[in-house]
>>> print(open('target.txt').read())   # compact mmCIF, N, CA and C atoms and all ligand atoms
# COMPACT_ATOMS: atom_id res chain seq x y z
N MET A 1 18.59 -19.90 -40.41
CA MET A 1 17.69 -19.05 -41.19
C MET A 1 18.46 -17.90 -41.82
N ASP A 2 18.06 -17.52 -43.00
CA ASP A 2 18.74 -16.44 -43.71
C ASP A 2 18.40 -15.11 -43.06
N ARG A 3 19.41 -14.28 -42.89
CA ARG A 3 19.17 -12.98 -42.26
C ARG A 3 19.22 -11.85 -43.27
N GLY A 4 19.65 -12.10 -44.49
CA GLY A 4 19.74 -11.07 -45.51
C GLY A 4 21.01 -10.26 -45.35
N PRO A 5 21.44 -9.60 -46.45
CA PRO A 5 22.65 -8.79 -46.37
C PRO A 5 22.46 -7.60 -45.43
N PRO A 6 23.54 -7.13 -44.79
CA PRO A 6 23.41 -6.02 -43.83
C PRO A 6 22.74 -4.77 -44.42
N LEU A 7 23.04 -4.44 -45.68
CA LEU A 7 22.42 -3.25 -46.26
C LEU A 7 20.91 -3.40 -46.44
N THR A 8 20.47 -4.62 -46.71
CA THR A 8 19.03 -4.86 -46.82
C THR A 8 18.36 -4.68 -45.47
N LEU A 9 18.99 -5.24 -44.42
CA LEU A 9 18.45 -5.08 -43.06
C LEU A 9 18.37 -3.59 -42.71
N LEU A 10 19.44 -2.87 -43.02
CA LEU A 10 19.52 -1.44 -42.72
C LEU A 10 18.46 -0.66 -43.49
N SER A 11 18.32 -0.97 -44.76
CA SER A 11 17.35 -0.27 -45.61
C SER A 11 15.92 -0.47 -45.10
N ARG A 12 15.59 -1.69 -44.70
CA ARG A 12 14.25 -1.95 -44.15
C ARG A 12 14.06 -1.22 -42.83
N ALA A 13 15.12 -1.17 -42.01
CA ALA A 13 15.02 -0.53 -40.70
C ALA A 13 14.77 0.97 -40.84
N VAL A 14 15.46 1.64 -41.75
CA VAL A 14 15.27 3.09 -41.87
C VAL A 14 13.90 3.43 -42.46
N ARG A 15 13.23 2.44 -43.08
CA ARG A 15 11.86 2.64 -43.57
C ARG A 15 10.83 2.19 -42.55
N LEU A 16 11.30 1.86 -41.32
CA LEU A 16 10.45 1.42 -40.21
C LEU A 16 9.66 0.18 -40.57
N ARG A 17 10.32 -0.74 -41.26
CA ARG A 17 9.71 -2.03 -41.60
C ARG A 17 10.44 -3.13 -40.87
N CYS A 18 9.87 -4.30 -40.87
CA CYS A 18 10.53 -5.45 -40.25
C CYS A 18 11.89 -5.65 -40.94
N PRO A 19 12.99 -5.59 -40.20
CA PRO A 19 14.30 -5.76 -40.84
C PRO A 19 14.47 -7.14 -41.48
N HIS A 20 13.76 -8.13 -40.97
CA HIS A 20 13.93 -9.49 -41.49
C HIS A 20 13.27 -9.67 -42.86
N CYS A 21 12.01 -9.20 -43.01
CA CYS A 21 11.27 -9.49 -44.25
C CYS A 21 10.81 -8.23 -44.97
N GLY A 22 10.90 -7.07 -44.34
CA GLY A 22 10.41 -5.84 -44.97
C GLY A 22 8.93 -5.62 -44.74
N GLY A 23 8.30 -6.48 -43.95
CA GLY A 23 6.86 -6.37 -43.70
C GLY A 23 6.51 -5.15 -42.86
N ALA A 24 5.28 -4.69 -43.03
CA ALA A 24 4.79 -3.54 -42.27
C ALA A 24 3.27 -3.68 -42.16
N PRO A 25 2.63 -2.99 -41.26
CA PRO A 25 3.20 -2.08 -40.25
C PRO A 25 3.67 -2.86 -39.02
N ILE A 26 4.77 -2.42 -38.44
CA ILE A 26 5.23 -3.06 -37.21
C ILE A 26 5.10 -2.13 -36.02
N PHE A 27 4.61 -0.90 -36.24
CA PHE A 27 4.40 0.04 -35.13
C PHE A 27 2.92 0.26 -34.88
N VAL A 28 2.53 0.21 -33.61
CA VAL A 28 1.16 0.52 -33.21
C VAL A 28 1.05 2.03 -33.04
N THR A 29 2.06 2.61 -32.37
CA THR A 29 2.16 4.06 -32.22
C THR A 29 3.59 4.44 -32.58
N TRP A 30 3.94 5.71 -32.43
CA TRP A 30 5.29 6.17 -32.76
C TRP A 30 6.35 5.41 -31.96
N SER A 31 6.00 4.97 -30.75
CA SER A 31 7.01 4.34 -29.89
C SER A 31 6.74 2.87 -29.60
N ARG A 32 5.55 2.35 -29.95
CA ARG A 32 5.22 0.95 -29.60
C ARG A 32 5.18 0.04 -30.81
N LEU A 33 5.92 -1.06 -30.68
CA LEU A 33 5.93 -2.07 -31.73
C LEU A 33 4.86 -3.13 -31.48
N VAL A 34 4.41 -3.78 -32.54
CA VAL A 34 3.59 -4.97 -32.37
C VAL A 34 4.51 -6.07 -31.83
N PRO A 35 3.95 -7.08 -31.13
CA PRO A 35 4.83 -8.12 -30.58
C PRO A 35 5.56 -8.93 -31.66
N ASN A 36 4.87 -9.16 -32.79
CA ASN A 36 5.45 -9.97 -33.86
C ASN A 36 5.20 -9.29 -35.20
N CYS A 37 6.11 -9.49 -36.12
CA CYS A 37 5.92 -8.97 -37.48
C CYS A 37 4.66 -9.60 -38.07
N PRO A 38 3.74 -8.79 -38.65
CA PRO A 38 2.50 -9.35 -39.19
C PRO A 38 2.72 -10.19 -40.45
N VAL A 39 3.89 -10.11 -41.06
CA VAL A 39 4.14 -10.86 -42.29
C VAL A 39 4.92 -12.15 -42.01
N CYS A 40 6.09 -12.04 -41.36
CA CYS A 40 6.93 -13.23 -41.16
C CYS A 40 6.78 -13.84 -39.76
N GLY A 41 6.17 -13.11 -38.82
CA GLY A 41 5.97 -13.65 -37.48
C GLY A 41 7.17 -13.51 -36.56
N LEU A 42 8.20 -12.79 -36.99
CA LEU A 42 9.38 -12.61 -36.13
C LEU A 42 8.98 -11.89 -34.84
N GLY A 43 9.38 -12.46 -33.70
CA GLY A 43 9.14 -11.80 -32.43
C GLY A 43 10.07 -10.60 -32.34
N LEU A 44 9.51 -9.41 -32.21
CA LEU A 44 10.33 -8.20 -32.33
C LEU A 44 11.14 -7.90 -31.07
N GLU A 45 10.80 -8.52 -29.95
CA GLU A 45 11.63 -8.35 -28.76
C GLU A 45 12.62 -9.48 -28.59
N ARG A 46 12.54 -10.48 -29.40
CA ARG A 46 13.46 -11.61 -29.45
C ARG A 46 13.67 -12.26 -28.09
N GLY A 47 12.61 -12.27 -27.28
CA GLY A 47 12.56 -13.09 -26.09
C GLY A 47 13.52 -12.77 -24.97
N GLU A 48 13.92 -11.54 -24.82
CA GLU A 48 14.81 -11.19 -23.71
C GLU A 48 14.23 -10.00 -22.95
N GLN A 49 14.39 -10.04 -21.63
CA GLN A 49 14.01 -8.88 -20.83
C GLN A 49 15.04 -7.78 -21.04
N GLY A 50 14.59 -6.54 -21.10
CA GLY A 50 15.52 -5.43 -21.29
C GLY A 50 16.11 -5.38 -22.68
N TYR A 51 15.40 -6.02 -23.63
CA TYR A 51 15.92 -6.09 -25.00
C TYR A 51 16.16 -4.71 -25.60
N TRP A 52 15.31 -3.75 -25.27
CA TRP A 52 15.38 -2.45 -25.92
C TRP A 52 16.45 -1.52 -25.36
N LEU A 53 17.21 -1.98 -24.38
CA LEU A 53 18.33 -1.15 -23.90
C LEU A 53 19.28 -0.83 -25.05
N GLY A 54 19.46 -1.78 -25.95
CA GLY A 54 20.31 -1.55 -27.12
C GLY A 54 19.76 -0.43 -27.99
N ALA A 55 18.43 -0.40 -28.14
CA ALA A 55 17.80 0.66 -28.93
C ALA A 55 17.99 2.02 -28.26
N TYR A 56 17.89 2.04 -26.92
CA TYR A 56 18.10 3.30 -26.21
C TYR A 56 19.53 3.77 -26.40
N PHE A 57 20.46 2.81 -26.39
CA PHE A 57 21.86 3.14 -26.63
C PHE A 57 22.04 3.73 -28.04
N PHE A 58 21.40 3.12 -29.04
CA PHE A 58 21.47 3.64 -30.41
C PHE A 58 20.91 5.06 -30.46
N ASN A 59 19.80 5.28 -29.75
CA ASN A 59 19.17 6.61 -29.73
C ASN A 59 20.12 7.63 -29.10
N LEU A 60 20.72 7.26 -27.99
CA LEU A 60 21.65 8.15 -27.31
C LEU A 60 22.84 8.50 -28.21
N MET A 61 23.39 7.49 -28.87
CA MET A 61 24.53 7.73 -29.76
C MET A 61 24.14 8.65 -30.92
N ALA A 62 22.94 8.45 -31.47
CA ALA A 62 22.48 9.28 -32.59
C ALA A 62 22.34 10.73 -32.16
N VAL A 63 21.75 10.94 -30.98
CA VAL A 63 21.53 12.30 -30.51
C VAL A 63 22.87 12.96 -30.15
N GLU A 64 23.77 12.22 -29.55
CA GLU A 64 25.09 12.78 -29.24
C GLU A 64 25.87 13.10 -30.50
N THR A 65 25.74 12.27 -31.52
CA THR A 65 26.40 12.54 -32.81
C THR A 65 25.81 13.81 -33.42
N LEU A 66 24.49 13.92 -33.39
CA LEU A 66 23.83 15.12 -33.91
C LEU A 66 24.34 16.38 -33.18
N PHE A 67 24.43 16.28 -31.86
CA PHE A 67 24.92 17.41 -31.07
C PHE A 67 26.35 17.77 -31.47
N GLY A 68 27.20 16.77 -31.61
CA GLY A 68 28.59 17.01 -31.99
C GLY A 68 28.71 17.67 -33.35
N VAL A 69 27.92 17.18 -34.31
CA VAL A 69 27.95 17.76 -35.67
C VAL A 69 27.43 19.19 -35.63
N TRP A 70 26.36 19.43 -34.89
CA TRP A 70 25.78 20.77 -34.76
C TRP A 70 26.80 21.75 -34.17
N VAL A 71 27.45 21.37 -33.08
CA VAL A 71 28.42 22.25 -32.44
C VAL A 71 29.60 22.52 -33.38
N ALA A 72 30.13 21.46 -33.98
CA ALA A 72 31.28 21.62 -34.87
C ALA A 72 30.93 22.51 -36.06
N ALA A 73 29.75 22.28 -36.67
CA ALA A 73 29.35 23.07 -37.84
C ALA A 73 29.14 24.54 -37.46
N LEU A 74 28.48 24.77 -36.35
CA LEU A 74 28.24 26.17 -35.94
C LEU A 74 29.55 26.89 -35.68
N LEU A 75 30.46 26.25 -34.95
CA LEU A 75 31.74 26.89 -34.65
C LEU A 75 32.56 27.08 -35.93
N TRP A 76 32.51 26.12 -36.81
CA TRP A 76 33.26 26.21 -38.07
C TRP A 76 32.82 27.43 -38.88
N TRP A 77 31.51 27.63 -38.99
CA TRP A 77 31.01 28.70 -39.85
C TRP A 77 30.97 30.06 -39.19
N THR A 78 30.99 30.13 -37.88
CA THR A 78 30.81 31.44 -37.24
C THR A 78 32.04 31.89 -36.45
N TRP A 79 33.08 31.07 -36.38
CA TRP A 79 34.26 31.45 -35.62
C TRP A 79 34.88 32.71 -36.22
N PRO A 80 35.35 33.72 -35.50
CA PRO A 80 35.66 33.74 -34.09
C PRO A 80 34.55 34.34 -33.20
N SER A 81 33.39 34.63 -33.76
CA SER A 81 32.35 35.18 -32.88
C SER A 81 31.05 34.39 -33.02
N PRO A 82 31.01 33.17 -32.43
CA PRO A 82 29.79 32.35 -32.51
C PRO A 82 28.60 33.03 -31.81
N PRO A 83 27.41 32.91 -32.37
CA PRO A 83 26.21 33.47 -31.74
C PRO A 83 25.74 32.56 -30.61
N TRP A 84 26.23 32.80 -29.40
CA TRP A 84 25.96 31.89 -28.28
C TRP A 84 24.49 31.83 -27.91
N GLY A 85 23.77 32.92 -28.05
CA GLY A 85 22.33 32.91 -27.76
C GLY A 85 21.59 31.96 -28.70
N LEU A 86 21.88 32.08 -29.98
CA LEU A 86 21.29 31.18 -30.98
C LEU A 86 21.70 29.74 -30.71
N PHE A 87 22.96 29.55 -30.36
CA PHE A 87 23.46 28.21 -30.05
C PHE A 87 22.65 27.55 -28.92
N GLN A 88 22.39 28.31 -27.86
CA GLN A 88 21.64 27.77 -26.72
C GLN A 88 20.22 27.39 -27.11
N VAL A 89 19.55 28.29 -27.83
CA VAL A 89 18.15 28.03 -28.18
C VAL A 89 18.04 26.84 -29.13
N VAL A 90 18.85 26.84 -30.18
CA VAL A 90 18.77 25.75 -31.16
C VAL A 90 19.16 24.42 -30.51
N THR A 91 20.18 24.45 -29.65
CA THR A 91 20.60 23.21 -28.98
C THR A 91 19.48 22.65 -28.10
N LEU A 92 18.82 23.51 -27.34
CA LEU A 92 17.70 23.05 -26.50
C LEU A 92 16.59 22.42 -27.34
N VAL A 93 16.22 23.08 -28.42
CA VAL A 93 15.14 22.57 -29.28
C VAL A 93 15.56 21.25 -29.92
N LEU A 94 16.78 21.23 -30.44
CA LEU A 94 17.31 20.03 -31.10
C LEU A 94 17.37 18.84 -30.14
N MET A 95 17.86 19.09 -28.94
CA MET A 95 18.02 18.00 -27.98
C MET A 95 16.69 17.54 -27.38
N ALA A 96 15.65 18.38 -27.50
CA ALA A 96 14.33 17.97 -27.03
C ALA A 96 13.60 17.17 -28.11
N ILE A 97 13.78 17.53 -29.36
CA ILE A 97 13.05 16.90 -30.46
C ILE A 97 13.73 15.63 -30.97
N ALA A 98 15.04 15.66 -31.10
CA ALA A 98 15.77 14.56 -31.76
C ALA A 98 15.54 13.18 -31.13
N PRO A 99 15.60 13.04 -29.80
CA PRO A 99 15.41 11.69 -29.24
C PRO A 99 14.01 11.13 -29.52
N VAL A 100 13.01 11.99 -29.53
CA VAL A 100 11.64 11.53 -29.80
C VAL A 100 11.50 11.18 -31.28
N ALA A 101 12.05 12.04 -32.14
CA ALA A 101 11.95 11.81 -33.59
C ALA A 101 12.69 10.55 -34.01
N PHE A 102 13.81 10.27 -33.36
CA PHE A 102 14.63 9.13 -33.75
C PHE A 102 14.20 7.83 -33.07
N PHE A 103 13.32 7.90 -32.10
CA PHE A 103 13.00 6.74 -31.27
C PHE A 103 12.61 5.48 -32.06
N PRO A 104 11.62 5.55 -32.98
CA PRO A 104 11.27 4.32 -33.70
C PRO A 104 12.41 3.80 -34.57
N PHE A 105 13.19 4.72 -35.12
CA PHE A 105 14.32 4.30 -35.95
C PHE A 105 15.37 3.59 -35.10
N SER A 106 15.54 4.05 -33.86
CA SER A 106 16.51 3.39 -32.99
C SER A 106 16.08 1.94 -32.71
N LYS A 107 14.77 1.72 -32.62
CA LYS A 107 14.30 0.35 -32.38
C LYS A 107 14.52 -0.53 -33.61
N THR A 108 14.14 -0.05 -34.78
CA THR A 108 14.29 -0.89 -35.98
C THR A 108 15.77 -1.06 -36.34
N LEU A 109 16.57 -0.02 -36.12
CA LEU A 109 18.01 -0.13 -36.42
C LEU A 109 18.68 -1.11 -35.45
N PHE A 110 18.30 -1.05 -34.19
CA PHE A 110 18.87 -2.00 -33.23
C PHE A 110 18.44 -3.43 -33.58
N LEU A 111 17.17 -3.59 -33.96
CA LEU A 111 16.69 -4.92 -34.35
C LEU A 111 17.46 -5.43 -35.57
N ALA A 112 17.71 -4.55 -36.54
CA ALA A 112 18.48 -4.94 -37.73
C ALA A 112 19.90 -5.34 -37.33
N PHE A 113 20.50 -4.55 -36.47
CA PHE A 113 21.86 -4.86 -35.98
C PHE A 113 21.86 -6.21 -35.26
N ASP A 114 20.87 -6.42 -34.41
CA ASP A 114 20.80 -7.66 -33.65
C ASP A 114 20.59 -8.86 -34.58
N LEU A 115 19.74 -8.69 -35.62
CA LEU A 115 19.51 -9.79 -36.57
C LEU A 115 20.77 -10.09 -37.36
N TRP A 116 21.56 -9.06 -37.60
CA TRP A 116 22.80 -9.25 -38.36
C TRP A 116 23.85 -9.99 -37.49
N VAL A 117 23.96 -9.58 -36.25
CA VAL A 117 24.94 -10.17 -35.34
C VAL A 117 24.49 -11.55 -34.86
N ARG A 118 23.19 -11.66 -34.59
CA ARG A 118 22.63 -12.89 -34.02
C ARG A 118 21.47 -13.34 -34.91
N PRO A 119 21.77 -14.07 -35.98
CA PRO A 119 20.73 -14.46 -36.95
C PRO A 119 19.54 -15.14 -36.27
N PRO A 120 18.34 -14.93 -36.81
CA PRO A 120 17.15 -15.50 -36.18
C PRO A 120 17.13 -17.02 -36.30
N THR A 121 16.54 -17.65 -35.31
CA THR A 121 16.33 -19.10 -35.34
C THR A 121 14.83 -19.35 -35.45
N GLU A 122 14.44 -20.59 -35.57
CA GLU A 122 13.01 -20.91 -35.66
C GLU A 122 12.26 -20.46 -34.42
N ASN A 123 12.94 -20.44 -33.27
CA ASN A 123 12.28 -20.02 -32.03
C ASN A 123 11.91 -18.55 -32.00
N ASP A 124 12.48 -17.75 -32.91
CA ASP A 124 12.17 -16.32 -32.97
C ASP A 124 10.85 -16.03 -33.69
N PHE A 125 10.26 -17.05 -34.30
CA PHE A 125 9.06 -16.83 -35.11
C PHE A 125 7.85 -17.52 -34.50
N VAL A 126 6.68 -16.94 -34.73
CA VAL A 126 5.44 -17.63 -34.44
C VAL A 126 4.87 -18.03 -35.80
N VAL A 127 4.12 -19.11 -35.83
CA VAL A 127 3.54 -19.54 -37.11
C VAL A 127 2.45 -18.55 -37.51
N PRO A 128 2.19 -18.40 -38.83
CA PRO A 128 1.26 -17.36 -39.30
C PRO A 128 -0.10 -17.34 -38.62
N HIS A 129 -0.72 -18.50 -38.35
CA HIS A 129 -2.06 -18.45 -37.73
C HIS A 129 -1.98 -17.88 -36.31
N GLU A 130 -0.82 -18.05 -35.66
CA GLU A 130 -0.67 -17.44 -34.32
C GLU A 130 -0.54 -15.93 -34.44
N VAL A 131 0.12 -15.44 -35.51
CA VAL A 131 0.22 -14.00 -35.73
C VAL A 131 -1.16 -13.43 -35.94
N ALA A 132 -1.96 -14.08 -36.79
CA ALA A 132 -3.31 -13.60 -37.07
C ALA A 132 -4.15 -13.57 -35.79
N ARG A 133 -4.00 -14.62 -34.95
CA ARG A 133 -4.77 -14.68 -33.70
C ARG A 133 -4.38 -13.54 -32.77
N ARG A 134 -3.08 -13.22 -32.71
CA ARG A 134 -2.61 -12.15 -31.82
C ARG A 134 -3.09 -10.78 -32.24
N HIS A 135 -3.33 -10.58 -33.53
CA HIS A 135 -3.75 -9.27 -34.04
C HIS A 135 -5.25 -9.11 -34.12
N ARG A 136 -5.98 -10.21 -33.87
CA ARG A 136 -7.44 -10.16 -33.90
C ARG A 136 -7.95 -9.55 -32.59
N PRO A 137 -8.91 -8.62 -32.68
CA PRO A 137 -9.44 -8.05 -31.43
C PRO A 137 -10.12 -9.12 -30.59
N ALA A 138 -10.04 -8.99 -29.28
CA ALA A 138 -10.59 -9.99 -28.36
C ALA A 138 -12.11 -9.93 -28.32
ZN ZN B 201 8.90 -9.66 -40.84
>>> encode(input="target.txt", output="structure tokens", more="lines below")
Ligand SMILES: [Zn+2]
Amino acid sequence: MDRGPPLTLLSRAVRLRCPHCGGAPIFVTWSRLVPNCPVCGLGLERGEQGYWLGAYFFNLMAVETLFGVWVAALLWWTWPSPPWGLFQVVTLVLMAIAPVAFFPFSKTLFLAFDLWVRPPTENDFVVPHEVARRHRPA
């Protein structure tokens, strides 16, 4: 099955859409995905237990990168007398907000990365009538 060029997968992921087809909505809440893409039927957990550990890793890397850039930028602009009080407050706020704000992006970006590295097979999809049945209220 075609997985699309990496930039297309990435572009769909940063817009919180299905990286495979660009379909939406794939989020029920800020942190919860639907089981399958409502357009193409791709199973968003791709059938593995602990699948989202990769997304947590992406989230951790993003937040650590943000922290590193923040520290480097602050020291660069304020050296030799950095405002340590401001540094502490902004760092606490940033480190509390960033992981939550980035959470859905970490999931779609990890899914895009996984689709790029491990292209989807027919087993990753449910047929459209099964998607419709899963989204219909009981
Ligand atoms: Zn899709």
>>> select_by_dssp(input="target.txt", residues="chain A", states="alpha helix (DSSP H)", output="VMD selection string")
chain A and resid 6 to 14 53 to 78 84 to 117 128 to 135
>>> residues_near_ligand(input="target.txt", ligand="ligand ZN 201 (chain B)", cutoff="6 Å", atoms="all atoms listed in the file", output="number ranges by chain")
A: 18-23, 37-42
>>> residues_around(input="target.txt", residues="stretch 89-99 of chain A", least_positions_apart="4", cutoff="6.5 Å", atoms="only N, CA and C atoms", output="list in words")
Asn59, Val63, Trp84, Gly85 and Phe103 of chain A
>>> closest_residue(input="target.txt", among="A:Arg32, A:Lys107, A:Arg12, A:Arg17", to="A:Gly54", atoms="all atoms listed in the file")
A:Lys107
>>> residues_around(input="target.txt", residues="A:Ala62", least_positions_apart="3", cutoff="12 Å", atoms="only C-alpha atoms", output="number ranges by chain")
A: 55-59, 65-69, 95, 98-103, 105-106, 109-110
